[in-house]
Each structure stands twice: as C-alpha cells, then as structure tokens.
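Engineer: Supplied structure: work-v8.cif, mmCIF, C-alpha atoms.
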data_run
loop_
_atom_site.label_atom_id
_atom_site.label_comp_id
_atom_site.auth_asym_id
_atom_site.auth_seq_id
_atom_site.Cartn_x
_atom_site.Cartn_y
_atom_site.Cartn_z
CA MET A 1 -141.90 -63.17 143.19
CA SER A 2 -142.89 -66.79 142.64
CA PRO A 3 -140.37 -69.63 143.10
CA GLY A 4 -140.45 -70.23 139.35
CA ILE A 5 -138.98 -66.79 138.70
CA TRP A 6 -136.13 -67.37 141.13
CA ILE A 7 -135.45 -70.79 139.61
CA GLY A 8 -135.37 -69.11 136.20
CA ILE A 9 -132.82 -66.62 137.53
CA VAL A 10 -130.70 -69.53 138.78
CA PHE A 11 -130.86 -71.14 135.34
CA VAL A 12 -129.90 -67.89 133.58
CA GLY A 13 -127.11 -67.26 136.08
CA VAL A 14 -125.63 -70.75 135.63
CA THR A 15 -125.82 -70.44 131.84
CA ALA A 16 -124.10 -67.05 131.96
CA MET A 17 -121.48 -68.37 134.37
CA LEU A 18 -120.63 -71.31 132.10
CA TRP A 19 -120.40 -69.01 129.08
CA ALA A 20 -118.08 -66.69 131.00
CA GLU A 21 -116.01 -69.69 132.12
CA TYR A 22 -115.71 -70.87 128.53
CA ARG A 23 -114.69 -67.37 127.41
CA GLN A 24 -112.37 -67.02 130.44
CA ARG A 25 -114.06 -63.83 131.64
CA PHE A 26 -113.47 -63.90 135.39
CA GLY A 27 -115.60 -60.85 136.13
CA GLY A 28 -118.54 -62.42 134.35
CA VAL A 29 -118.07 -65.67 136.26
CA CYS A 30 -118.12 -63.80 139.58
CA ALA A 31 -121.23 -61.78 138.77
CA ALA A 32 -123.19 -64.70 137.33
CA LYS A 33 -122.27 -67.05 140.19
CA ILE A 34 -123.32 -64.56 142.86
CA VAL A 35 -126.64 -63.97 141.07
CA ALA A 36 -127.35 -67.70 140.74
CA SER A 37 -126.42 -68.45 144.35
CA SER A 38 -128.40 -65.50 145.70
CA ALA A 39 -131.44 -66.65 143.71
CA PHE A 40 -131.59 -70.13 145.25
CA LEU A 41 -131.24 -68.60 148.72
CA VAL A 42 -134.06 -66.11 148.13
CA CYS A 43 -136.18 -68.89 146.60
CA ALA A 44 -135.83 -70.91 149.82
CA VAL A 45 -136.85 -67.93 151.95
CA GLY A 46 -139.94 -67.44 149.78
CA MET A 47 -140.85 -71.13 149.97
CA ALA A 48 -140.75 -71.29 153.77
CA PRO A 49 -144.26 -70.95 155.27
CA ASN A 50 -143.02 -71.06 158.86
CA ALA A 51 -139.73 -70.85 160.75
CA THR A 52 -139.69 -74.53 161.68
CA PRO A 53 -136.45 -76.14 162.93
CA TYR A 54 -136.06 -77.77 159.51
CA VAL A 55 -136.48 -74.47 157.68
CA CYS A 56 -134.09 -72.61 159.98
CA ALA A 57 -131.35 -75.24 159.58
CA LEU A 58 -131.98 -75.41 155.83
CA LEU A 59 -131.63 -71.64 155.43
CA VAL A 60 -128.41 -71.70 157.46
CA ALA A 61 -127.08 -74.45 155.16
CA LEU A 62 -127.97 -72.52 152.02
CA ALA A 63 -126.50 -69.28 153.41
CA LEU A 64 -123.25 -71.08 154.25
CA SER A 65 -123.25 -72.52 150.73
CA TRP A 66 -123.59 -68.96 149.39
CA PHE A 67 -120.48 -67.93 151.31
CA GLY A 68 -118.69 -71.07 150.09
CA ASP A 69 -119.53 -70.15 146.50
CA VAL A 70 -117.99 -66.72 146.97
CA PHE A 71 -114.84 -68.08 148.63
CA LEU A 72 -114.31 -70.63 145.85
CA LEU A 73 -114.11 -67.84 143.30
CA SER A 74 -110.57 -67.24 144.54
CA GLY A 75 -107.66 -69.38 143.44
CA ARG A 76 -105.69 -68.79 146.64
CA GLU A 77 -105.23 -71.79 148.91
CA ALA A 78 -106.15 -69.92 152.11
CA VAL A 79 -109.39 -68.64 150.59
CA PHE A 80 -110.15 -72.08 149.17
CA ALA A 81 -109.75 -73.46 152.69
CA CYS A 82 -112.36 -70.93 153.86
CA GLY A 83 -114.69 -72.16 151.13
CA LEU A 84 -114.07 -75.74 152.20
CA ALA A 85 -114.92 -74.82 155.80
CA SER A 86 -118.08 -72.99 154.70
CA PHE A 87 -119.34 -75.96 152.73
CA ALA A 88 -118.41 -78.39 155.52
CA ALA A 89 -120.47 -76.28 157.91
CA ALA A 90 -123.28 -76.16 155.33
CA HIS A 91 -123.36 -79.95 155.14
CA LEU A 92 -123.51 -80.19 158.93
CA ALA A 93 -126.43 -77.75 158.84
CA PHE A 94 -128.12 -79.97 156.23
CA VAL A 95 -127.62 -82.92 158.58
CA ALA A 96 -129.27 -80.94 161.38
CA ALA A 97 -132.14 -80.05 159.05
CA PHE A 98 -132.75 -83.67 158.08
CA ILE A 99 -132.69 -84.79 161.71
CA ALA A 100 -135.20 -82.04 162.58
CA LEU A 101 -137.43 -83.31 159.79
CA GLY A 102 -137.22 -86.91 160.99
CA VAL A 103 -134.85 -89.69 159.96
CA SER A 104 -135.35 -93.41 159.42
CA LEU A 105 -132.30 -95.10 160.95
CA PRO A 106 -132.63 -98.27 158.80
CA HIS A 107 -132.58 -96.15 155.63
CA LEU A 108 -129.63 -94.15 156.97
CA PHE A 109 -127.54 -97.22 157.81
CA VAL A 110 -128.37 -99.03 154.56
CA ALA A 111 -127.27 -95.96 152.58
CA ALA A 112 -124.20 -95.38 154.73
CA VAL A 113 -122.50 -98.61 153.62
CA PRO A 114 -122.27 -97.93 149.86
CA LEU A 115 -121.64 -94.24 150.49
CA ALA A 116 -118.73 -95.07 152.80
CA ILE A 117 -117.25 -97.30 150.10
CA VAL A 118 -117.57 -94.49 147.56
CA ALA A 119 -115.97 -92.07 150.03
CA LEU A 120 -112.98 -94.37 150.50
CA VAL A 121 -112.57 -94.73 146.74
CA VAL A 122 -112.72 -90.95 146.35
CA MET A 123 -110.09 -90.46 149.06
CA ARG A 124 -107.79 -93.03 147.47
CA TRP A 125 -108.13 -91.25 144.13
CA LEU A 126 -107.99 -87.65 145.30
CA LEU A 127 -105.67 -87.33 148.29
CA PRO A 128 -102.43 -88.08 146.39
CA TYR A 129 -103.09 -84.89 144.38
CA VAL A 130 -103.77 -82.73 147.45
CA GLY A 131 -101.02 -80.73 149.13
CA ALA A 132 -99.96 -81.69 152.64
CA ARG A 133 -101.66 -78.72 154.32
CA LEU A 134 -105.06 -79.51 152.82
CA GLN A 135 -105.06 -83.31 153.01
CA SER A 136 -106.68 -83.53 156.44
CA PRO A 137 -109.32 -80.82 155.72
CA VAL A 138 -110.19 -82.45 152.40
CA ALA A 139 -110.45 -85.91 153.99
CA GLY A 140 -112.64 -84.48 156.73
CA TYR A 141 -114.82 -82.75 154.16
CA ILE A 142 -115.35 -86.01 152.27
CA LEU A 143 -116.51 -87.69 155.47
CA ILE A 144 -118.89 -84.82 156.24
CA VAL A 145 -120.50 -84.73 152.79
CA THR A 146 -120.84 -88.53 152.95
CA ALA A 147 -122.62 -88.22 156.30
CA MET A 148 -124.89 -85.57 154.80
CA ALA A 149 -125.88 -87.87 151.92
CA ALA A 150 -126.51 -90.79 154.29
CA THR A 151 -128.67 -88.60 156.54
CA ALA A 152 -130.60 -87.42 153.49
CA ALA A 153 -131.36 -91.08 152.75
CA GLY A 154 -132.59 -91.39 156.32
CA ALA A 155 -134.82 -88.35 155.86
CA TYR A 156 -136.12 -89.84 152.62
CA GLY A 157 -137.18 -92.94 154.52
CA GLY A 158 -138.62 -90.93 157.39
CA GLY A 159 -141.67 -89.55 155.61
CA ALA A 160 -143.54 -89.09 152.35
CA GLY A 161 -142.67 -86.47 149.72
CA ARG A 162 -138.95 -86.30 150.52
CA SER A 163 -137.42 -87.86 147.44
CA ARG A 164 -136.05 -84.48 146.33
CA LEU A 165 -133.90 -84.35 149.47
CA LEU A 166 -132.10 -87.57 148.58
CA LEU A 167 -131.70 -86.53 144.95
CA ALA A 168 -130.38 -83.11 145.99
CA ALA A 169 -127.87 -84.65 148.40
CA LEU A 170 -126.55 -87.07 145.79
CA LEU A 171 -126.27 -84.28 143.19
CA PHE A 172 -124.36 -82.17 145.73
CA PHE A 173 -121.99 -85.09 146.35
CA VAL A 174 -121.39 -85.48 142.60
CA SER A 175 -120.83 -81.75 142.10
CA ASP A 176 -118.17 -81.79 144.80
CA LEU A 177 -116.24 -84.34 142.74
CA ALA A 178 -116.14 -81.84 139.88
CA VAL A 179 -114.81 -79.13 142.20
CA ALA A 180 -112.16 -81.49 143.57
CA ARG A 181 -111.08 -82.64 140.12
CA HIS A 182 -110.80 -79.06 138.89
CA ARG A 183 -108.92 -77.84 141.94
CA PHE A 184 -106.52 -80.72 142.52
CA VAL A 185 -106.38 -83.13 139.58
CA ARG A 186 -106.94 -81.48 136.21
CA ARG A 187 -108.29 -78.03 135.52
CA GLY A 188 -110.61 -77.58 132.60
CA PHE A 189 -113.97 -76.28 131.45
CA ALA A 190 -115.39 -79.82 131.41
CA ASN A 191 -115.35 -79.86 135.21
CA LYS A 192 -117.48 -76.74 135.31
CA ALA A 193 -119.77 -77.98 132.55
CA TRP A 194 -121.07 -80.88 134.65
CA GLY A 195 -120.24 -79.64 138.13
CA ALA A 196 -122.12 -76.34 138.07
CA PRO A 197 -125.48 -77.71 136.77
CA THR A 198 -125.50 -80.58 139.28
CA TYR A 199 -124.63 -78.23 142.15
CA TYR A 200 -127.27 -75.64 141.33
CA LEU A 201 -129.94 -78.25 140.65
CA ALA A 202 -129.18 -79.67 144.10
CA GLN A 203 -129.54 -76.26 145.72
CA VAL A 204 -132.79 -75.53 143.89
CA LEU A 205 -134.21 -78.85 145.07
CA PHE A 206 -133.15 -78.04 148.62
CA ALA A 207 -134.70 -74.57 148.34
CA LEU A 208 -138.00 -76.02 147.13
CA SER A 209 -138.03 -78.40 150.10
CA ALA A 210 -138.43 -75.43 152.46
CA GLY A 211 -142.16 -76.07 152.32
CA LEU A 212 -141.80 -79.50 153.95
CA GLN A 213 -143.14 -79.78 157.48
#
Hey, can you dump this file as structure tokens for me?
Structural biologist:
Amino acid sequence: MSPGIWIGIVFVGVTAMLWAEYRQRFGGVCAAKIVASSAFLVCAVGMAPNATPYVCALLVALALSWFGDVFLLSGREAVFACGLASFAAAHLAFVAAFIALGVSLPHLFVAAVPLAIVALVVMRWLLPYVGARLQSPVAGYILIVTAMAATAAGAYGGGAGRSRLLLAALLFFVSDLAVARHRFVRRGFANKAWGAPTYYLAQVLFALSAGLQ
C-alpha cells in the first residue's frame, strides 16, 4: 500500500483513540493506539528504498517507540518506567540516525543552547511532582530527548530537504510534555487532545524521512 494509505490509518487511529479517551473506553484506546502506532512503523518500512545506516537506525527508533506506546497504556509505575526506557532508547536511536545522515555541528550547538534552557525549565517545573523512584529516570529522559532535538537541528543543517526532521523532533519534544503533565501533574483529556496529534504527526514525519539518503 502507498504511504498515503498508512498515514490515513494513523489519522483514523488517532481520531478513534481520542474519541475512546473522551468516552473513557480503555479497550478502544488500546486498540486504536496500537493500530496508529503500527501504521507509522509500516509506513516507514514502505518508504525505505535501501537499508542505509540512517534507515536502519530510524526503523529501530520507530520500533522502540511502538513498544513505548504499548507500555504507556498501563497505569502501573513499573510498566511506565519500561515505557520511559523504551522511548529513551528510541531517542538515542534517532540521534544515531541523524549522525549517520550527517550533522552540522554549528547548527547543533546553536540549537543546543535554547533547548538546554527549555530542558532546565521543564525539570524545574516537573520534578517536584515526580516520585522519588522516578526522578532520576525522568531527568535523564529529559536530557536525552533534548539531545535528540539538538541533533535533529544538526541534521537539518547538514543537508537539503531535512526540515521535516527538525519539525518532527520538536513535535516529539512537545508531545512528551503532554505525557508528563498527564502522568505527574494533572490528568485530563486535554493532555491527550494536544499530545497525541503532535506525537503521531512527529512519527509520520519521521516515517516519511525514510527515503532520505
């Protein structure tokens, strides 16, 4: 099937997931989320013309994100920690993918400064709400996702046609704030309403970048 069909499945899955969230139908949330996440992964596989180092690292990152999505369906702290670890590993795989593609160090360092400031602000806001056992993992995760976004900026500066990578990384960063707010600060449908679309748009943009060489 064409990438457009898989993107359409992602859109339908996200819409169904948000409706199920609003109606508090957990089974529907699980089914719709797995469909949407599977669709962006299959889309990336279909977009990849060759098994380049970038493509291999990208597919690993998206597969780890898929597992993270499944883990985050659980409300248990231990399972949430597994989801956190999956997404941290996914971001490291994204970093490896960007480096394989080629990174402009000036772009990376210029982006790293404001991103580091944002990361510190996020830590100051979030960590007081996080339990003692998860404070270090959450702080480490924030640093990793910040490094991923900075490396995406480096990849953006390293070649033409890579603007979607930077946009996807920033959207991923924003979507993580929604997850953190929902998990630790204040639960509510509003977190899902803006977090899920930004996350899945980021993953679709990453999937479409599988054709980059």
Engineer: To one decimal place, how far is CA of Leu84 (chain A) from CA of Val185 (chain A) in Å?
Structural biologist: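 Distance between the two atoms: 16.5 Å.
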Engineer: Do you know which residues the PyMOL selection byres ((chain A and resi 207) around 7) returns on this file, as a list in words?
Structural biologist: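 Selected by the PyMOL selection byres ((chain A and resi 207) around 7) in this file: Phe40, Leu41, Cys43, Ala44, Gln203, Val204, Leu205, Phe206, Leu208, Ser209 and Ala210 of chain A.
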Engineer: Which one of A:Ala193, A:Val14, A:Val70, A:Met123 sits closest to Gln135 (chain A) if you count all atoms listed in the file?
Structural biologist: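 Ranking A:Ala193, A:Val14, A:Val70, A:Met123 by distance to Gln135 (chain A), first place goes to A:Met123.
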Engineer: Restricting the calculation to all atoms listed in the file: of A:Ala160, A:Val10, A:Ala152, A:Val55, which residue gets closest to Val95 (chain A)?
Structural biologist: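 Counting all atoms listed in the file, the residue closest to Val95 (chain A) is A:Ala152.
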Engineer: Please report the interatomic distance between CA of Leu18 (chain A) and CA of Val118 (chain A) in Å with one decimal.
Structural biologist: 28.0 Å
Engineer: Between A:Leu126, A:Leu134, A:Ala190, A:Leu201, single out the one closest to Tyr22 (chain A), counting all atoms listed in the file.
Structural biologist: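 Checking each of A:Leu126, A:Leu134, A:Ala190, A:Leu201 against Tyr22 (chain A), counting all atoms listed in the file, the winner is A:Ala190.
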Engineer: Select, from A:Thr15, A:Val35, A:Ser104, A:Gly211, the residue with the minimum atom-to-atom distance to Lys192 (chain A), counting only C-alpha atoms.
Structural biologist: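 Closest residue, counting only C-alpha atoms: A:Thr15.
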Engineer: Report as a PyMOL selection string the residues that result from applying the PyMOL selection byres ((chain A and resi 161-174) around 10) to the structure here.
Structural biologist: chain A and resi 91+94+98+101+115+119+142+145-146+148-160+175-179+194-209+212
Engineer: Skip Phe26 (chain A) itself and residues of its chain fewer than 5 positions away, then list as number ranges by chain all residues within 10 Å of it, counting all atoms listed in the file.
Structural biologist: A: 17, 20-21, 31-32, 73
Engineer: At what distance in Å, to one decimal, does CA of Ala90 (chain A) lie from CA of Leu105 (chain A)?
Structural biologist: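 Spanning CA of Leu105 (chain A) to CA of Ala90 (chain A) is a straight-line distance of 21.7 Å.
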Engineer: Once the PyMOL selection byres ((chain A and resi 88) around 10) has been applied to the shown file, what residues remain in the selection, as a list in words?
Structural biologist: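 Taken over the shown coordinates, the PyMOL selection byres ((chain A and resi 88) around 10) returns Ala61, Leu64, Ser65, Gly68, Cys82, Gly83, Leu84, Ala85, Ser86, Phe87, Ala89, Ala90, His91, Leu92, Ala93, Phe94, Pro137, Val138, Gly140, Tyr141, Ile142, Leu143, Ile144, Val145 and Met148 of chain A.
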Engineer: Between A:Ala78, A:Trp6, A:Ala100, A:Ala147, which one has atoms that come closest to Ala112 (chain A), using only C-alpha atoms?
Structural biologist: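 Using only C-alpha atoms, the shortest distance to Ala112 (chain A) belongs to A:Ala147.
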Engineer: Padding 6 Å on every side, please: axis-aligned box over the listed atoms of region 80-83 of chain A, centre and edge lengths to one decimal in Å, as JSON.
Structural biologist:
{"center_x": -112.2, "center_y": -72.2, "center_z": 151.5, "size_x": 16.9, "size_y": 14.5, "size_z": 16.7}
Engineer: Pick from A:Ile117, A:Val42, A:Ile9, A:Leu72: nearest to Val29 (chain A), with only C-alpha atoms counted?
Structural biologist: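 Checking each of A:Ile117, A:Val42, A:Ile9, A:Leu72 against Val29 (chain A), counting only C-alpha atoms, the winner is A:Leu72.
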